Every structure is written in structure tokens, then in C-alpha cells.
>>> print(open('model.cif').read())   # mmCIF, C-alpha atoms
data_input
loop_
_atom_site.label_atom_id
_atom_site.label_comp_id
_atom_site.auth_asym_id
_atom_site.auth_seq_id
_atom_site.Cartn_x
_atom_site.Cartn_y
_atom_site.Cartn_z
CA MET A 296 75.92 98.10 89.00
CA PRO A 297 77.97 100.72 87.12
CA PRO A 298 80.10 103.00 89.33
CA VAL A 299 78.45 106.23 90.44
CA ALA A 300 79.81 109.25 88.57
CA ARG A 301 81.67 111.69 90.79
CA THR A 302 80.87 115.37 90.83
CA TYR A 303 83.30 117.95 92.23
CA ARG A 304 82.61 121.46 93.48
CA LEU A 305 84.07 124.29 95.56
CA ARG A 306 82.23 126.27 98.18
CA ARG A 307 83.36 129.41 99.97
CA PHE A 308 82.80 129.86 103.70
CA ASP A 309 82.02 133.50 104.46
CA SER A 310 81.55 132.99 108.19
CA PRO A 311 82.71 130.61 110.95
CA ARG A 312 79.00 130.01 111.57
CA ASP A 313 78.61 128.30 108.21
CA PRO A 314 77.24 124.75 108.85
CA ASP A 315 80.21 123.09 107.07
CA PHE A 316 82.97 125.36 108.37
CA GLU A 317 83.60 123.35 111.54
CA ALA A 318 83.94 120.16 109.47
CA ALA A 319 86.33 121.96 107.10
CA ILE A 320 88.52 123.12 109.99
CA GLY A 321 88.51 119.59 111.43
CA LEU A 322 89.64 118.20 108.06
CA TYR A 323 92.35 120.87 107.90
CA ILE A 324 93.70 120.08 111.38
CA THR A 325 93.86 116.31 110.91
CA ASN A 326 95.29 116.25 107.38
CA ILE A 327 98.17 118.72 107.48
CA GLY A 328 101.60 118.36 109.02
CA PRO A 329 102.68 120.31 112.12
CA SER A 330 105.15 122.39 110.08
CA ALA A 331 102.27 123.98 108.14
CA CYS A 332 99.29 123.94 110.48
CA THR A 333 98.07 127.36 111.62
CA ASP A 334 96.13 127.59 114.87
CA SER A 335 92.49 127.11 113.86
CA ASN A 336 91.44 129.85 116.31
CA ASP A 337 93.49 132.33 114.28
CA ILE A 338 91.66 131.32 111.10
CA VAL A 339 88.32 131.79 112.86
CA ALA A 340 89.42 135.20 114.15
CA TRP A 341 90.50 136.40 110.71
CA LEU A 342 87.43 135.02 108.96
CA GLU A 343 85.27 137.04 111.37
CA ARG A 344 87.39 140.14 110.96
CA THR A 345 88.32 139.63 107.25
CA TYR A 346 91.07 141.32 105.28
CA ARG A 347 88.63 143.73 103.68
CA GLU A 348 89.49 146.51 106.09
CA TYR A 349 92.89 146.55 104.33
CA GLY A 350 91.30 146.46 100.90
CA ASP A 351 92.27 142.79 100.47
CA GLU A 352 90.30 139.54 100.35
CA LEU A 353 90.66 136.42 102.54
CA CYS A 354 88.95 133.34 101.08
CA VAL A 355 88.35 130.03 102.86
CA LEU A 356 87.11 127.23 100.60
CA GLY A 357 85.81 123.69 100.91
CA PHE A 358 86.24 121.04 98.21
CA TYR A 359 83.50 118.43 97.80
CA VAL A 360 83.20 115.14 95.96
CA ASN A 361 79.48 114.57 95.52
CA ARG A 362 78.27 115.79 98.94
CA GLN A 363 81.35 114.74 100.90
CA LEU A 364 83.74 117.45 102.10
CA ILE A 365 87.25 116.19 101.30
CA GLY A 366 89.43 119.30 100.85
CA TYR A 367 90.31 122.70 102.30
CA SER A 368 91.95 125.72 100.72
CA GLN A 369 92.78 129.23 101.87
CA CYS A 370 93.96 132.16 99.78
CA VAL A 371 94.39 135.93 99.99
CA LEU A 372 94.13 138.51 97.22
CA PHE A 373 96.41 141.52 97.79
CA ARG A 374 94.78 144.03 95.50
CA ARG A 375 97.33 146.83 95.59
CA GLU A 376 100.27 144.45 95.12
CA ARG A 377 98.33 142.40 92.53
CA VAL A 378 99.31 139.10 94.15
CA LEU A 379 97.05 136.11 94.79
CA PHE A 380 98.59 133.97 97.54
CA PHE A 381 97.42 130.39 98.17
CA ASP A 382 98.12 129.53 101.77
CA TYR A 383 96.78 125.98 101.90
CA LEU A 384 95.76 123.12 99.66
CA VAL A 385 94.73 120.19 101.85
CA LEU A 386 93.05 116.90 100.92
CA HIS A 387 91.74 114.17 103.19
CA LYS A 388 94.28 111.33 103.39
CA GLU A 389 91.86 108.83 101.85
CA TYR A 390 91.51 111.00 98.74
CA ARG A 391 95.17 111.84 98.08
CA ARG A 392 95.19 110.48 94.57
CA GLN A 393 96.35 112.34 91.50
CA GLY A 394 92.81 112.43 90.14
CA GLU A 395 91.35 114.20 93.17
CA TYR A 396 94.27 116.64 93.37
CA PHE A 397 93.82 117.56 89.71
CA GLN A 398 90.08 118.03 90.18
CA PHE A 399 90.80 120.23 93.21
CA VAL A 400 93.21 122.45 91.25
CA GLU A 401 90.89 122.68 88.24
CA ARG A 402 87.98 123.79 90.43
CA LEU A 403 90.23 126.38 92.09
CA GLN A 404 91.27 127.73 88.67
CA GLU A 405 87.64 127.93 87.57
CA TRP A 406 86.64 129.63 90.83
CA VAL A 407 89.41 132.24 90.54
CA ASP A 408 88.32 133.02 86.97
CA GLU A 409 84.72 133.46 88.12
CA GLN A 410 85.79 135.98 90.79
CA GLN A 411 87.51 138.10 88.13
CA PHE A 412 90.37 138.85 90.50
CA GLU A 413 92.99 141.23 89.15
CA PHE A 414 96.53 140.01 89.78
CA ASP A 415 99.90 139.62 88.10
CA PHE A 416 101.15 136.59 89.99
CA VAL A 417 99.66 133.61 91.80
CA VAL A 418 101.97 132.45 94.60
CA ALA A 419 102.09 129.33 96.74
CA GLU A 420 104.41 127.79 99.32
CA VAL A 421 105.02 124.07 99.70
CA ALA A 422 106.96 123.28 102.86
CA PHE A 423 109.67 120.63 102.70
CA GLU A 424 107.94 118.98 105.71
CA THR A 425 111.33 117.83 106.99
CA SER A 426 113.97 119.28 109.27
CA GLY A 427 116.68 119.09 106.60
CA THR A 428 117.26 120.17 103.02
CA VAL A 429 115.49 117.23 101.37
CA PRO A 430 111.70 117.55 100.91
CA SER A 431 109.32 114.77 101.85
CA LYS A 432 107.56 112.62 99.24
CA GLN A 433 104.30 114.44 99.94
CA SER A 434 106.04 117.78 99.39
CA VAL A 435 107.49 116.62 96.06
CA MET A 436 104.09 115.32 94.94
CA LEU A 437 102.42 118.65 95.73
CA VAL A 438 105.10 120.57 93.86
CA ASP A 439 104.63 118.29 90.86
CA LEU A 440 100.88 118.94 91.02
CA PHE A 441 101.40 122.71 91.07
CA ARG A 442 103.85 122.49 88.17
CA ARG A 443 101.31 120.61 86.07
CA ALA A 444 98.83 123.37 86.85
CA GLY A 445 101.19 125.98 85.39
CA PHE A 446 103.26 126.97 88.43
CA HIS A 447 107.05 127.20 88.40
CA VAL A 448 109.54 126.77 91.26
CA ALA A 449 111.63 129.86 91.90
CA ASP A 450 115.35 129.07 91.95
CA CYS A 451 116.10 130.62 95.34
CA GLN A 452 116.67 129.76 98.99
CA TYR A 453 113.16 130.34 100.31
CA TRP A 454 111.99 129.85 103.88
CA GLN A 455 108.39 129.58 104.99
CA PRO A 456 107.81 131.98 107.91
CA PRO A 457 107.10 130.26 111.23
CA LEU A 458 103.50 130.10 112.37
CA GLY A 459 104.01 132.26 115.43
CA ILE A 460 107.01 132.44 117.75
CA ASN A 461 106.37 129.21 119.66
CA ARG A 462 106.28 126.87 116.65
CA PRO A 463 109.94 126.10 115.81
CA GLU A 464 108.93 123.09 113.70
CA SER A 465 107.23 125.44 111.25
CA ASP A 466 110.50 127.29 110.59
CA THR A 467 111.34 125.29 107.47
CA ARG A 468 112.66 125.40 103.95
CA ALA A 469 109.94 125.57 101.33
CA HIS A 470 109.39 125.64 97.60
CA LEU A 471 108.25 129.05 96.35
CA LEU A 472 105.94 128.59 93.37
CA LEU A 473 104.69 131.25 90.98
CA ALA A 474 102.29 131.37 88.07
CA ALA A 475 101.49 134.33 85.83
CA ARG A 476 98.76 135.23 83.37
CA GLU A 477 101.17 134.30 80.60
CA PRO A 478 103.78 131.50 80.83
CA VAL A 479 107.15 132.78 82.06
CA SER A 480 110.51 131.06 82.58
CA VAL A 481 112.29 133.85 84.49
CA ILE A 482 111.35 136.71 86.78
CA ARG A 483 113.26 139.89 87.62
CA ALA A 484 115.00 139.58 90.98
CA ASP A 485 113.49 142.83 92.29
CA THR A 486 110.00 141.68 91.20
CA LEU A 487 110.42 138.40 93.07
CA LEU A 488 111.60 140.28 96.16
CA ASN A 489 108.48 142.46 95.96
CA VAL A 490 106.32 139.33 95.80
CA VAL A 491 108.06 137.82 98.83
CA HIS A 492 107.81 141.15 100.68
CA THR A 493 104.05 141.02 100.14
CA VAL A 494 103.83 137.47 101.48
CA TYR A 495 106.07 138.16 104.48
CA PHE A 496 104.89 141.59 105.57
CA ARG A 497 101.37 141.95 104.14
CA HIS A 498 100.29 138.47 105.12
CA TYR A 499 102.39 136.85 107.84
CA GLN A 500 103.22 140.03 109.78
CA ARG A 501 99.67 141.32 109.49
CA TRP A 502 98.29 137.96 110.60
CA TYR A 503 100.46 137.68 113.74
CA ASP A 504 100.33 141.35 114.62
CA TYR A 505 96.67 140.62 115.24
CA CYS A 506 96.99 137.11 116.75
CA LEU A 507 100.01 137.72 119.02
CA LEU A 508 98.91 139.66 122.06
CA ASP A 509 102.33 140.45 123.54
CA ASP A 510 104.19 143.43 122.03
CA ASP A 511 107.58 141.78 122.62
CA ALA A 512 106.37 138.69 120.72
CA LYS A 513 105.22 140.88 117.84
CA ALA A 514 108.59 142.66 117.69
CA LYS A 515 110.44 139.33 117.78
CA TYR A 516 108.32 137.97 114.94
CA ARG A 517 108.87 141.09 112.79
CA ALA A 518 112.63 140.81 113.39
CA TRP A 519 112.54 137.18 112.24
CA LEU A 520 110.71 138.11 109.03
CA LEU A 521 113.19 140.91 108.32
CA ASP A 522 116.14 138.56 108.88
CA ARG A 523 114.76 135.96 106.46
CA TYR A 524 113.97 138.63 103.89
CA LYS A 525 117.54 139.96 104.05
CA ARG A 526 118.86 136.42 103.65
CA LEU A 527 116.86 136.09 100.46
CA GLN A 528 118.24 139.42 99.24
CA ARG A 529 121.78 138.18 99.83
CA ASP A 530 121.00 134.92 98.02
CA MET A 531 119.91 136.93 94.97
CA GLU A 532 122.85 139.34 94.92
CA GLY A 533 124.43 139.58 91.50
CA ARG A 534 121.42 138.07 89.73
CA ASP A 535 119.22 140.30 87.61
CA VAL A 536 116.72 137.53 86.89
CA ILE A 537 115.67 134.38 88.75
CA ALA A 538 114.91 131.18 86.89
CA LEU A 539 111.45 129.73 87.38
CA ASN A 540 112.39 126.14 86.74
CA GLY A 541 113.17 124.76 90.17
CA ALA A 542 116.70 123.80 89.18
CA GLU A 543 118.02 124.29 92.69
CA VAL A 544 115.29 122.94 94.90
CA LEU A 545 113.37 120.35 92.94
CA PRO A 546 115.21 118.00 90.56
CA GLU A 547 118.31 117.85 92.77
CA GLN A 548 116.31 117.12 95.89
CA VAL A 549 114.05 114.57 94.22
CA SER A 550 117.09 112.68 92.99
CA LYS A 551 118.39 112.56 96.55
CA THR A 552 115.18 110.99 97.80
CA ARG A 553 115.37 108.11 95.34
CA LYS A 554 118.28 105.71 95.39
CA PRO A 555 119.33 104.58 91.92
CA PRO A 556 118.61 100.92 91.26
CA LEU A 557 121.51 98.53 91.54
CA THR A 558 122.57 97.27 88.13
CA ARG A 559 124.90 94.48 87.22
CA HIS A 560 127.64 95.44 84.85
CA PRO A 561 128.35 92.68 82.36
CA GLY A 562 131.88 91.29 82.39
CA VAL A 563 134.07 90.53 79.43
CA ILE A 564 134.28 86.75 79.92
CA ALA A 565 130.86 85.90 78.47
CA PRO A 566 131.33 87.93 75.24
CA LEU A 567 134.81 86.45 74.75
CA ALA A 568 133.47 82.92 75.25
CA ALA A 569 130.72 83.55 72.71
CA LEU A 570 133.26 84.91 70.26
CA ALA A 571 135.49 81.85 70.75
CA ALA A 572 132.52 79.56 70.13
CA MET A 573 131.68 81.38 66.92
CA VAL A 574 135.31 81.08 65.76
CA LEU A 575 135.28 77.37 66.55
CA VAL A 576 132.04 76.88 64.58
CA ALA A 577 133.55 78.73 61.63
CA VAL A 578 136.67 76.54 61.73
CA LEU A 579 134.61 73.33 61.85
CA PHE A 580 132.51 74.34 58.87
CA ALA A 581 135.61 75.44 56.96
CA ILE A 582 137.18 72.01 57.48
CA LEU A 583 134.01 70.22 56.43
CA LEU A 584 133.56 72.32 53.31
CA SER A 585 137.19 71.93 52.35
CA ARG A 586 136.89 68.17 52.34
CA LEU A 587 133.47 68.33 50.55
CA LEU A 588 131.96 65.61 52.62
CA PRO A 589 128.94 64.36 50.68
CA SER A 590 127.49 62.32 53.51
CA ALA A 591 124.34 63.72 55.11
CA TRP A 592 125.30 62.13 58.42
CA SER A 593 128.62 63.96 58.33
CA PHE A 594 126.83 67.26 57.74
CA ILE A 595 124.40 66.63 60.61
CA ALA A 596 127.27 65.68 62.89
CA ALA A 597 129.04 68.92 62.00
CA VAL A 598 125.93 71.02 62.82
CA VAL A 599 125.43 69.18 66.11
CA ALA A 600 129.08 69.73 67.00
CA ALA A 601 128.76 73.45 66.26
CA LEU A 602 125.63 73.79 68.38
CA LEU A 603 127.29 71.94 71.22
CA CYS A 604 130.20 74.34 71.10
CA VAL A 605 127.93 77.39 71.35
CA VAL A 606 125.75 75.89 74.10
CA THR A 607 128.80 74.75 76.05
CA ALA A 608 130.24 78.26 75.94
CA PHE A 609 127.06 79.84 77.30
CA ALA A 610 126.36 77.03 79.78
CA ILE A 611 129.17 78.41 81.90
CA PHE A 612 127.07 81.55 82.56
CA LYS A 613 123.38 80.68 81.96
CA LYS A 614 121.32 78.02 83.76
CA SER A 615 118.95 77.73 80.79
CA ALA A 616 121.95 76.94 78.55
CA GLN A 617 123.11 74.35 81.07
CA ARG A 618 119.76 72.57 80.82
CA THR A 619 119.97 72.66 77.00
CA LEU A 620 123.48 71.17 77.12
CA ASP A 621 122.31 68.35 79.41
CA ALA A 622 119.49 67.55 76.99
CA TRP A 623 121.86 67.44 74.02
CA LEU A 624 124.27 65.14 75.87
CA GLY A 625 121.38 62.87 76.76
CA VAL A 626 120.36 62.59 73.09
CA ILE A 627 123.96 61.78 72.06
CA LYS A 628 124.17 59.03 74.67
CA VAL A 629 120.96 57.43 73.45
CA VAL A 630 122.13 57.52 69.80
CA ALA A 631 125.53 56.11 70.74
CA ARG A 632 123.94 53.19 72.62
CA ARG A 633 121.70 52.31 69.65
CA ARG A 634 124.62 52.36 67.23
CA LYS A 635 126.42 49.83 69.45
#
>>> encode(input="model.cif", output="C-alpha cells")
Amino acid sequence: MPPVARTYRLRRFDSPRDPDFEAAIGLYITNIGPSACTDSNDIVAWLERTYREYGDELCVLGFYVNRQLIGYSQCVLFRRERVLFFDYLVLHKEYRRQGEYFQFVERLQEWVDEQQFEFDFVVAEVAFETSGTVPSKQSVMLVDLFRRAGFHVADCQYWQPPLGINRPESDTRAHLLLAAREPVSVIRADTLLNVVHTVYFRHYQRWYDYCLLDDDAKAKYRAWLLDRYKRLQRDMEGRDVIALNGAEVLPEQVSKTRKPPLTRHPGVIAPLAALAAMVLVAVLFAILLSRLLPSAWSFIAAVVAALLCVVTAFAIFKKSAQRTLDAWLGVIKVVARRRK
């Protein structure tokens, strides 16, 4: 039977009481690393409350192949700041193939166009998913996916805000990706700072001001955001524009995750031996031609001698040439015996 054609679609969940929302949250929890996983109760709380009271829009989406829910996404439109921020892009582990990721991104692009959102920049974070400065393979793959979809990695030292004050593993380096209505290769430093300010203080601070019940915890979290924001300011000092090519955080880090293959460097002995063999062949033929030997057997003997010289030279280094040399010697022995 021919394979069944796959159909892909997106569906927005407007309420936690949506029949598929619980399955979407379950998929989200089990298919995202601890450094990026928000408490699902916080998502439920915000979906019930919504961002609309601030004039913004929180969107929670499910991605389906045929009728199977395989993906989860979450984004926020900040209308006044004209920023669309994608918080999550999660696929079930069994569907993490390039084809499904591309279908997911294409459906998201189509859905955004249908909403007629007004924005200047689309922003996304991709956590390194490691405790160091080298991103994981999954992180690199996601960045590559975003880049193919038109996003660019900002050349800056960006940190993803922690998901609350008791989640130290979520305090991690991250790729900051941006896309605009028109392709851009650089962004003004002050514009990028405004974008990050929106993400830090309009999204993360707002989120945890509501989800953290203790006032001291809220103050501590705000202080953390301010400290990271000032670090980014210092990193950008002296730069009027910031490259959107990922030069600092992508190619360098990818190269560190892949060890270069070991290669054998050819020595000089084999080429010299080949050259010596060629010189010897030339000398033999010069002698034969100078004497004008008319005998066919003499000519054949000269050719055989030349071939033996070449094969002998290479037999020192190649097993295949050693086998050829053995065969030639065997033929010579047989001929010599018959002539006796």
C-alpha cells in the first residue's frame, strides 16, 4: 500500500479547559529540558488570566500531524513595543526530524500572517542546554532551523532569564534570534537593547510578578533581571550596531562541538621513490633506443623491466602493489623454467 500522505495543522488553545490542552501540556513537560521548562501551573494561570489586560496577546498553540498532537508552541505579542516573542517550540522526541521541524515553522509563519499581527521584530531564545559556553547538539539544530526560517543570531552575550528564583539550572547562556519584516544583517545597539528590555521586563518580570507570591522573591527576581540587562549593556559598549550573523555564539561553538577528523599527512618517501622509478625507466628506454635493438623480445623485456621497477617502488608502501609484484615474479619464474 502507498504511504499515507501527512497533513499538518496548528490549533490555538484559548482556555485550559480545551480538550487537547492537557495533552499539549503533557507533551511540553516531557519533551523539553529542565533549563527551559516553565512550571505548567504558571502557564495555566496565565492562559486563564491572559495578557490582554495589558493590551498584549498570549498564544498557546498545538501542532498536529494528521490527528496526532506532536508539537507545542507559545508566543506573546507586545503591541506597544511591536515585538512578537516566541517562548517555546517543542516537538515530540519521536518526530524530531528536519521535515517535521520545517513543517512546524511553516505553519507558524502562516498562522502569524493570518492573525495580521503588527510587529517590527520576531524574537526567540534558544538555550544552550548546557552548564558551560558550548551549546548542545539539540540547541545547535534548533538555531539552524530558525536561521533557515529567516532568523539571525545576535552577536552578543545573551542570557536566558531563570524560570523563577528556585531554578538555578535555567540560568543559562542562550542564542538570541531575531527576524524582521525585511531581511537585515545588523541592528542598532539601542534597538536591540529595547527588544531585550521588552523580553526581560514586559514578559519575564510580568510573568513572575504574578506567579511569585513572596514580595522578597519578586524583588530578588527583578534585581537579577536588572543585573543581566546591565551586563548586556556593558557587552555592547562602544558598538553602534550589532551584527545579526551569530559570529560569536554559533559558528565558533559548533566547531568546538565537532572534533576535526584525523588525517594522515603523506610523507616524502613515496613521491621520491616514484620519481626514482620514473628516472630508472627513462634511463632503460634511453639505453635500448640508443642501441636500436630490433628484437621484439628485447623490447618486451625492456617494458617488463620498467614495469617491475615502478611496481617495486610502490610495493614498499602499498599492499596492492605488493600483490602485483608477486604476480609478476611468478610469471618470470615460469618463463625462466620453460626456457631451461
>>> closest_residue(input="model.cif", among="A:Pro311, A:Leu372, A:Ala422, A:Pro456", to="Asp337 in chain A", atoms="only C-alpha atoms")
A:Pro311
>>> resolve_selection(input="model.cif", expression="the PyMOL selection byres ((chain A and resi 362) around 12)", output="list in words")
Arg301, Thr302, Tyr303, Arg304, Leu305, Arg306, Asp315, Gly357, Phe358, Tyr359, Val360, Asn361, Gln363, Leu364, Ile365 and Gly366 of chain A
>>> closest_residue(input="model.cif", among="A:Ala419, A:Asp309, A:Ile460, A:Gln398", to="Asp511 in chain A", atoms="all atoms listed in the file")
A:Ile460
>>> residues_around(input="model.cif", residues="Leu473 in chain A", least_positions_apart="2", cutoff="7 Å", atoms="all atoms listed in the file", output="VMD selection string")
chain A and resid 416 to 419 446 to 448 471 475
>>> closest_residue(input="model.cif", among="A:Asp522, A:Asp382, A:Glu424, A:Glu389", to="Leu472 in chain A", atoms="only C-alpha atoms")
A:Asp382
>>> resolve_selection(input="model.cif", expression="the PyMOL selection byres ((chain A and resi 421) around 9)", output="JSON list (two decimals) with C-alpha atoms, in the frame of the given file")
[["chain", "number", "residue", "atom", "x", "y", "z"],
["A", 331, "ALA", "CA", 102.27, 123.98, 108.14],
["A", 383, "TYR", "CA", 96.78, 125.98, 101.90],
["A", 419, "ALA", "CA", 102.09, 129.33, 96.74],
["A", 420, "GLU", "CA", 104.41, 127.79, 99.32],
["A", 422, "ALA", "CA", 106.96, 123.28, 102.86],
["A", 423, "PHE", "CA", 109.67, 120.63, 102.70],
["A", 424, "GLU", "CA", 107.94, 118.98, 105.71],
["A", 434, "SER", "CA", 106.04, 117.78, 99.39],
["A", 435, "VAL", "CA", 107.49, 116.62, 96.06],
["A", 437, "LEU", "CA", 102.42, 118.65, 95.73],
["A", 438, "VAL", "CA", 105.10, 120.57, 93.86],
["A", 455, "GLN", "CA", 108.39, 129.58, 104.99],
["A", 468, "ARG", "CA", 112.66, 125.40, 103.95],
["A", 469, "ALA", "CA", 109.94, 125.57, 101.33],
["A", 470, "HIS", "CA", 109.39, 125.64, 97.60],
["A", 471, "LEU", "CA", 108.25, 129.05, 96.35],
["A", 472, "LEU", "CA", 105.94, 128.59, 93.37]]
>>> resolve_selection(input="model.cif", expression="the PyMOL selection byres ((chain A and resi 368) around 10)", output="list of chain:residue names")
A:Leu305, A:Arg307, A:Ala319, A:Tyr323, A:Cys354, A:Val355, A:Leu356, A:Gly357, A:Phe358, A:Gly366, A:Tyr367, A:Gln369, A:Cys370, A:Phe381, A:Asp382, A:Tyr383, A:Leu384, A:Val385, A:Leu386, A:Phe399, A:Leu403
>>> atom_distance(input="model.cif", atom1="CA of Gln528 in chain A", atom2="CA of Asp450 in chain A")
13.0 Å
>>> closest_residue(input="model.cif", among="A:Leu520, A:Leu508, A:Met531, A:Leu458", to="Leu488 in chain A", atoms="only C-alpha atoms")
A:Met531
>>> residues_around(input="model.cif", residues="range 340-347 of chain A", least_positions_apart="3", cutoff="10 Å", atoms="all atoms listed in the file", output="PyMOL selection string")
chain A and resi 308-312+335-337+350-355+371-373+498+501-502+505-506
>>> atom_distance(input="model.cif", atom1="CA of Leu487 in chain A", atom2="CA of Ile537 in chain A")
7.9 Å
>>> atom_distance(input="model.cif", atom1="CA of Arg483 in chain A", atom2="CA of Phe441 in chain A")
21.2 Å
